[in-house]
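Novice: See run_33.cif below, with mmCIF, C-alpha atoms.
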```cif
data_work
loop_
_atom_site.label_atom_id
_atom_site.label_comp_id
_atom_site.auth_asym_id
_atom_site.auth_seq_id
_atom_site.Cartn_x
_atom_site.Cartn_y
_atom_site.Cartn_z
CA MET H 274 35.48 -20.67 -15.26
CA SER H 275 34.70 -23.94 -13.49
CA GLU H 276 31.17 -25.24 -13.19
CA SER H 277 31.15 -24.81 -9.40
CA LYS H 278 32.08 -21.11 -9.71
CA MET H 279 29.40 -20.61 -12.35
CA LEU H 280 26.82 -22.02 -9.93
CA GLU H 281 28.10 -19.93 -7.03
CA GLN H 282 27.88 -16.64 -8.96
CA PRO H 283 24.05 -16.50 -9.27
CA ALA H 284 23.74 -17.45 -5.60
CA LYS H 285 26.04 -14.58 -4.59
CA GLU H 286 24.15 -12.16 -6.83
CA GLU H 287 20.85 -13.22 -5.26
CA ALA H 288 22.31 -12.81 -1.77
CA ASN H 289 23.54 -9.31 -2.62
CA GLU H 290 20.15 -8.45 -4.11
CA TRP H 291 18.47 -9.06 -0.75
CA LYS H 292 21.26 -7.65 1.39
CA VAL H 293 19.85 -5.06 3.79
CA GLY H 294 22.15 -2.26 4.92
CA PRO H 295 21.61 0.92 6.98
CA GLY H 296 20.51 2.86 3.89
CA ALA H 297 17.75 0.34 3.19
CA TRP H 298 16.40 0.63 6.73
CA ILE H 299 16.45 4.44 6.58
CA SER H 300 14.68 4.31 3.22
CA LEU H 301 12.01 2.00 4.66
CA ILE H 302 11.41 4.26 7.66
CA ILE H 303 10.98 7.28 5.38
CA VAL H 304 8.58 5.54 3.00
CA LEU H 305 6.53 4.21 5.93
CA LEU H 306 6.21 7.71 7.37
CA VAL H 307 5.30 9.20 3.99
CA PHE H 308 2.61 6.63 3.14
CA SER H 309 1.27 5.83 6.63
CA GLY H 310 -0.49 9.15 7.24
CA PHE H 311 1.58 9.79 10.37
CA PHE H 312 2.22 13.37 9.22
CA PHE H 313 -1.36 13.99 8.08
CA LYS H 314 -2.69 17.15 9.79
CA VAL H 315 -0.50 17.09 12.91
CA ASP H 316 -1.89 19.64 15.38
CA GLY H 317 0.47 22.54 15.84
CA MET H 318 2.95 21.15 13.30
CA ALA H 319 1.19 21.64 9.98
CA TRP H 320 4.55 21.88 8.19
CA LEU H 321 4.95 18.11 8.61
CA GLY H 322 2.22 17.74 5.99
CA ALA H 323 4.90 18.49 3.39
CA PHE H 324 6.15 14.93 4.02
CA ASP H 325 2.72 13.29 3.80
CA PHE H 326 1.60 11.44 0.67
CA THR H 327 -1.95 12.84 0.69
CA THR H 328 -0.64 16.39 1.05
CA LEU H 329 1.91 15.83 -1.72
CA GLY H 330 -0.86 14.46 -3.94
CA GLY H 331 -2.82 17.67 -3.43
CA SER H 332 -6.25 18.32 -4.90
CA PHE H 333 -7.83 19.99 -7.90
CA GLY H 334 -9.34 23.42 -7.52
CA THR H 335 -13.08 24.08 -7.60
CA MET H 336 -15.00 25.81 -10.36
CA LYS H 337 -16.31 29.29 -9.60
CA SER H 338 -19.80 28.37 -10.72
CA PRO H 339 -20.98 26.22 -9.08
CA GLU H 340 -18.37 26.50 -6.31
CA THR H 341 -18.80 22.90 -5.22
CA SER H 342 -17.77 21.45 -8.59
CA THR H 343 -14.26 20.30 -9.47
CA PHE H 344 -12.78 20.19 -12.97
CA ILE H 345 -14.87 17.03 -13.50
CA GLY H 346 -17.99 19.19 -13.44
CA SER H 347 -21.45 18.14 -12.27
CA GLY H 348 -24.14 16.08 -13.91
CA GLY H 349 -21.82 13.97 -16.04
CA ILE H 350 -22.97 10.49 -17.06
CA SER H 351 -21.81 7.40 -18.88
CA ALA H 352 -18.36 6.80 -20.37
CA LYS H 353 -17.29 10.45 -20.55
CA ALA H 354 -17.92 11.03 -16.85
CA GLY H 355 -16.06 7.82 -16.01
CA PHE H 356 -13.12 8.87 -18.16
CA LEU H 357 -12.80 12.24 -16.42
CA PHE H 358 -12.98 10.58 -13.01
CA ALA H 359 -10.29 8.06 -14.01
CA LEU H 360 -8.17 10.93 -15.32
CA SER H 361 -8.30 12.53 -11.86
CA LEU H 362 -6.65 9.43 -10.38
CA VAL H 363 -3.59 9.55 -12.65
CA PRO H 364 -1.50 12.14 -10.72
CA THR H 365 -1.81 10.26 -7.41
CA VAL H 366 -0.93 6.91 -8.96
CA MET H 367 2.01 8.40 -10.87
CA LEU H 368 3.32 10.02 -7.69
CA ALA H 369 3.05 6.77 -5.74
CA LEU H 370 4.82 4.74 -8.41
CA GLY H 371 7.54 7.37 -8.73
CA LEU H 372 8.16 7.43 -4.99
CA LEU H 373 8.20 3.64 -4.89
CA GLU H 374 10.87 3.51 -7.62
CA ILE H 375 13.05 5.93 -5.66
CA PHE H 376 12.71 4.10 -2.36
CA THR H 377 13.16 0.72 -4.07
CA HIS H 378 16.47 1.95 -5.46
CA TYR H 379 17.65 2.68 -1.93
CA GLY H 380 16.55 -0.74 -0.62
CA ALA H 381 13.17 -0.09 1.01
CA ILE H 382 11.65 -3.18 -0.62
CA ARG H 383 14.45 -5.41 0.69
CA ALA H 384 14.09 -3.98 4.19
CA ALA H 385 10.29 -4.36 4.11
CA HIS H 386 10.64 -7.96 2.98
CA LYS H 387 12.98 -8.78 5.87
CA LEU H 388 11.05 -6.84 8.51
CA LEU H 389 7.42 -7.57 7.60
CA THR H 390 7.58 -11.18 6.38
CA PRO H 391 7.64 -12.58 9.96
CA LEU H 392 4.41 -10.62 10.58
CA LEU H 393 2.52 -10.93 7.30
CA LYS H 394 3.50 -14.50 6.41
CA PRO H 395 1.87 -16.23 9.42
CA LEU H 396 -1.12 -13.85 9.54
CA LEU H 397 -1.99 -13.52 5.85
CA GLY H 398 0.41 -15.84 4.04
CA ILE H 399 1.88 -13.03 1.93
CA PRO H 400 5.53 -11.91 1.69
CA GLY H 401 6.84 -8.85 3.50
CA TYR H 402 7.43 -6.64 0.48
CA THR H 403 3.66 -6.40 0.04
CA GLY H 404 3.67 -4.28 3.20
CA LEU H 405 4.38 -1.08 1.28
CA ALA H 406 1.31 -1.58 -0.90
CA LEU H 407 -0.81 -2.25 2.20
CA ILE H 408 0.52 0.79 4.01
CA THR H 409 -0.03 2.98 0.95
CA ASP H 410 -3.66 1.82 0.86
CA LEU H 411 -4.21 3.40 4.28
CA GLN H 412 -4.11 6.77 2.51
CA SER H 413 -4.90 6.08 -1.14
CA THR H 414 -6.77 3.07 -2.51
CA ASP H 415 -5.72 3.93 -6.05
CA ALA H 416 -2.02 4.12 -5.23
CA GLY H 417 -2.25 0.94 -3.15
CA ALA H 418 -3.88 -0.89 -6.04
CA ALA H 419 -1.22 0.41 -8.44
CA LEU H 420 1.60 -0.84 -6.21
CA THR H 421 -0.12 -4.22 -5.88
CA LYS H 422 -0.37 -4.51 -9.66
CA GLU H 423 3.32 -3.57 -9.91
CA LEU H 424 4.24 -6.44 -7.56
CA TYR H 425 2.09 -8.89 -9.50
CA ASP H 426 3.39 -7.82 -12.92
CA SER H 427 6.98 -8.18 -11.71
CA GLY H 428 6.27 -11.72 -10.49
CA LYS H 429 6.88 -10.99 -6.80
CA ILE H 430 3.40 -12.15 -5.76
CA ALA H 431 0.95 -14.77 -7.03
CA ARG H 432 -2.78 -14.56 -7.80
CA LYS H 433 -3.69 -15.82 -4.36
CA ASP H 434 -1.60 -13.07 -2.77
CA VAL H 435 -3.41 -10.47 -4.88
CA VAL H 436 -6.82 -11.69 -3.68
CA ILE H 437 -5.73 -11.64 -0.03
CA MET H 438 -4.21 -8.19 -0.42
CA GLY H 439 -7.39 -6.98 -2.12
CA ALA H 440 -9.44 -8.20 0.84
CA TRP H 441 -7.17 -6.28 3.20
CA GLN H 442 -7.06 -3.13 1.10
CA TYR H 443 -10.74 -2.70 0.27
CA SER H 444 -12.02 -3.38 3.75
CA GLY H 445 -11.96 0.15 5.11
CA ALA H 446 -10.16 1.45 2.02
CA GLY H 447 -8.14 4.65 2.43
CA LEU H 448 -8.64 4.18 6.16
CA ILE H 449 -6.61 7.05 7.61
CA ASN H 450 -7.49 9.58 4.94
CA ASN H 451 -11.21 8.84 4.99
CA TYR H 452 -11.42 8.51 8.77
CA PHE H 453 -9.89 11.91 9.50
CA SER H 454 -11.53 13.74 6.59
CA ILE H 455 -15.03 12.25 6.23
CA GLY H 456 -15.32 10.56 9.61
CA SER H 457 -14.30 13.73 11.45
CA ALA H 458 -17.92 14.88 11.20
CA MET H 459 -18.78 12.24 13.82
CA PHE H 460 -15.92 12.98 16.23
CA ALA H 461 -18.07 15.31 18.34
CA SER H 462 -20.57 12.49 18.93
CA LEU H 463 -17.99 9.90 20.03
CA THR H 464 -17.96 8.92 23.70
CA ILE H 465 -14.61 7.13 23.37
CA PRO H 466 -11.16 8.31 22.21
CA ILE H 467 -11.10 8.77 18.44
CA ILE H 468 -8.13 6.41 18.14
CA ILE H 469 -10.18 3.37 19.29
CA PRO H 470 -12.45 3.09 16.20
CA LEU H 471 -9.39 3.59 14.00
CA VAL H 472 -7.49 0.76 15.70
CA LEU H 473 -10.58 -1.47 15.60
CA MET H 474 -11.01 -0.96 11.85
CA PHE H 475 -7.31 -1.62 11.32
CA VAL H 476 -7.52 -4.92 13.23
CA LEU H 477 -10.67 -5.94 11.33
CA LYS H 478 -8.79 -5.49 8.05
CA PHE H 479 -6.45 -8.29 9.14
CA ILE H 480 -9.35 -10.45 10.31
CA GLY H 481 -11.17 -10.03 6.99
CA ALA H 482 -8.05 -10.86 4.98
CA ALA H 483 -7.39 -13.90 7.18
CA VAL H 484 -10.92 -15.16 6.53
CA VAL H 485 -10.39 -14.74 2.79
CA ARG H 486 -7.07 -16.60 3.05
CA LEU H 487 -8.79 -19.47 4.88
CA THR H 488 -11.50 -19.60 2.21
CA LEU H 489 -8.93 -19.70 -0.59
CA ASN H 490 -7.03 -22.49 1.15
CA THR H 491 -10.16 -24.61 1.63
CA VAL H 492 -13.19 -23.91 -0.57
CA TYR H 493 -11.23 -22.55 -3.55
CA LYS H 494 -8.00 -24.46 -3.00
CA ARG H 495 -8.10 -26.21 -6.39
CA ASP H 496 -8.35 -22.91 -8.24
CA PHE H 497 -4.66 -22.30 -7.54
CA ASP H 498 -3.31 -25.82 -8.12
CA HIS H 499 -1.73 -24.98 -11.47
CA GLU H 500 -0.59 -21.46 -10.73
#
```
Please render this file's structure as structure tokens.
Specialist:
Amino acid sequence: MSESKMLEQPAKEEANEWKVGPGAWISLIIVLLVFSGFFFKVDGMAWLGAFDFTTLGGSFGTMKSPETSTFIGSGGISAKAGFLFALSLVPTVMLALGLLEIFTHYGAIRAAHKLLTPLLKPLLGIPGYTGLALITDLQSTDAGAALTKELYDSGKIARKDVVIMGAWQYSGAGLINNYFSIGSAMFASLTIPIIIPLVLMFVLKFIGAAVVRLTLNTVYKRDFDHE
């Protein structure tokens, strides 16, 4: 094989790796719907919850005495209590990583990279395939963090990207899930449509991450010189 053909082969393989077909777009649409919370408690169509990540994750049952306690129990302290709490996060993280592997196989990552890079790159300076981790964080902070770590460990994002993503994720973490579960107690007191605070918090997540990006590119610029 000639040298020119040997050089062309890796280029073709890389091009095929990022080729986006109809199946990749369908896979991306499905994963966005599953992780976005769009199907979370739809009025009159509760069956759609079967396609929602939070519903699929489920919850542990409560103890009979006291009824408000989960399997973690009440009154736990120190390392043992922390271990049991961490153990409760494992099923959700495993489910998220498993779903991500399936959708990645069908091209969702490639489609997300192509679709979201024009949006995320100018706003936050991060590549488009981080979008799945950000969207997952809208429902589960633990799953979002796990997907972010997966991207970093695989070399798809750098340390600076992780910091920016962390700023986005943990500003209003688990936004949709927490807003409609915990925040629903305040819905009766709102004098505006309930969607407005949700949209405002979503926009502020981008503003906060953009501020962090600016700080990293100015005050802490030299920290990433040798990355």
Novice: Write out as a list in words the residues lying within 10 Å of stretch 293-300 of chain H, counting only C-alpha atoms and excluding same-chain residues fewer than 3 positions away.
Specialist: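 Contacts, with the query itself left out: Ala288, Asn289, Glu290, Ile303, Val304, Leu305, Ile375, Phe376, Thr377, His378, Tyr379, Gly380, Ala381, Ile382, Arg383, Ala384, Ala385, His386, Lys387 and Leu388 of chain H.
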Novice: Write the residues you've just listed into a file as a PDB file, keeping the file's coordinate frame, and include C-alpha atoms for each of them.
Specialist:
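Final output, saved to out11.pdb:
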```pdb
ATOM      1  CA  ALA H 288      22.310 -12.810  -1.770  1.00  0.00           C
ATOM      2  CA  ASN H 289      23.540  -9.310  -2.620  1.00  0.00           C
ATOM      3  CA  GLU H 290      20.150  -8.450  -4.110  1.00  0.00           C
ATOM      4  CA  ILE H 303      10.980   7.280   5.380  1.00  0.00           C
ATOM      5  CA  VAL H 304       8.580   5.540   3.000  1.00  0.00           C
ATOM      6  CA  LEU H 305       6.530   4.210   5.930  1.00  0.00           C
ATOM      7  CA  ILE H 375      13.050   5.930  -5.660  1.00  0.00           C
ATOM      8  CA  PHE H 376      12.710   4.100  -2.360  1.00  0.00           C
ATOM      9  CA  THR H 377      13.160   0.720  -4.070  1.00  0.00           C
ATOM     10  CA  HIS H 378      16.470   1.950  -5.460  1.00  0.00           C
ATOM     11  CA  TYR H 379      17.650   2.680  -1.930  1.00  0.00           C
ATOM     12  CA  GLY H 380      16.550  -0.740  -0.620  1.00  0.00           C
ATOM     13  CA  ALA H 381      13.170  -0.090   1.010  1.00  0.00           C
ATOM     14  CA  ILE H 382      11.650  -3.180  -0.620  1.00  0.00           C
ATOM     15  CA  ARG H 383      14.450  -5.410   0.690  1.00  0.00           C
ATOM     16  CA  ALA H 384      14.090  -3.980   4.190  1.00  0.00           C
ATOM     17  CA  ALA H 385      10.290  -4.360   4.110  1.00  0.00           C
ATOM     18  CA  HIS H 386      10.640  -7.960   2.980  1.00  0.00           C
ATOM     19  CA  LYS H 387      12.980  -8.780   5.870  1.00  0.00           C
ATOM     20  CA  LEU H 388      11.050  -6.840   8.510  1.00  0.00           C
TER      21      LEU H 388
END
```
Novice: Expressed in Å to a single decimal, how great is the separation between atom CA of H:Ala369 and atom CA of H:Phe308?
Specialist: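 Separating atom CA of H:Ala369 from atom CA of H:Phe308 is a distance of 8.9 Å.
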Novice: Just give me the gap between atom CA of H:Ala354 and atom CA of H:Ser342 in Å, one decimal is fine.
Specialist: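 Answer for the atom CA of H:Ala354 to atom CA of H:Ser342 separation: 13.3 Å.
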Novice: So which residues touch H:Asp325 within 7 Å, counting only C-alpha atoms, skipping near sequence neighbours fewer than 6 positions away, as a PyMOL selection string?
Specialist: chain H and resi 307-308+310+312-313
Novice: Can you spell out as a compact mmCIF listing (two decimals) with C-alpha atoms, in the coordinates of the input the set of residues that the PyMOL selection byres ((chain H and resi 439) around 12) selects in the structure I just provided?
Specialist:
```
# COMPACT_ATOMS: atom_id res chain seq x y z
CA LEU H 397 -1.99 -13.52 5.85
CA ILE H 399 1.88 -13.03 1.93
CA THR H 403 3.66 -6.40 0.04
CA ALA H 406 1.31 -1.58 -0.90
CA LEU H 407 -0.81 -2.25 2.20
CA ASP H 410 -3.66 1.82 0.86
CA THR H 414 -6.77 3.07 -2.51
CA ASP H 415 -5.72 3.93 -6.05
CA GLY H 417 -2.25 0.94 -3.15
CA ALA H 418 -3.88 -0.89 -6.04
CA ALA H 419 -1.22 0.41 -8.44
CA LEU H 420 1.60 -0.84 -6.21
CA THR H 421 -0.12 -4.22 -5.88
CA LYS H 422 -0.37 -4.51 -9.66
CA ARG H 432 -2.78 -14.56 -7.80
CA LYS H 433 -3.69 -15.82 -4.36
CA ASP H 434 -1.60 -13.07 -2.77
CA VAL H 435 -3.41 -10.47 -4.88
CA VAL H 436 -6.82 -11.69 -3.68
CA ILE H 437 -5.73 -11.64 -0.03
CA MET H 438 -4.21 -8.19 -0.42
CA ALA H 440 -9.44 -8.20 0.84
CA TRP H 441 -7.17 -6.28 3.20
CA GLN H 442 -7.06 -3.13 1.10
CA TYR H 443 -10.74 -2.70 0.27
CA SER H 444 -12.02 -3.38 3.75
CA GLY H 445 -11.96 0.15 5.11
CA ALA H 446 -10.16 1.45 2.02
CA LYS H 478 -8.79 -5.49 8.05
CA PHE H 479 -6.45 -8.29 9.14
CA GLY H 481 -11.17 -10.03 6.99
CA ALA H 482 -8.05 -10.86 4.98
CA ALA H 483 -7.39 -13.90 7.18
CA VAL H 485 -10.39 -14.74 2.79
CA ARG H 486 -7.07 -16.60 3.05
```
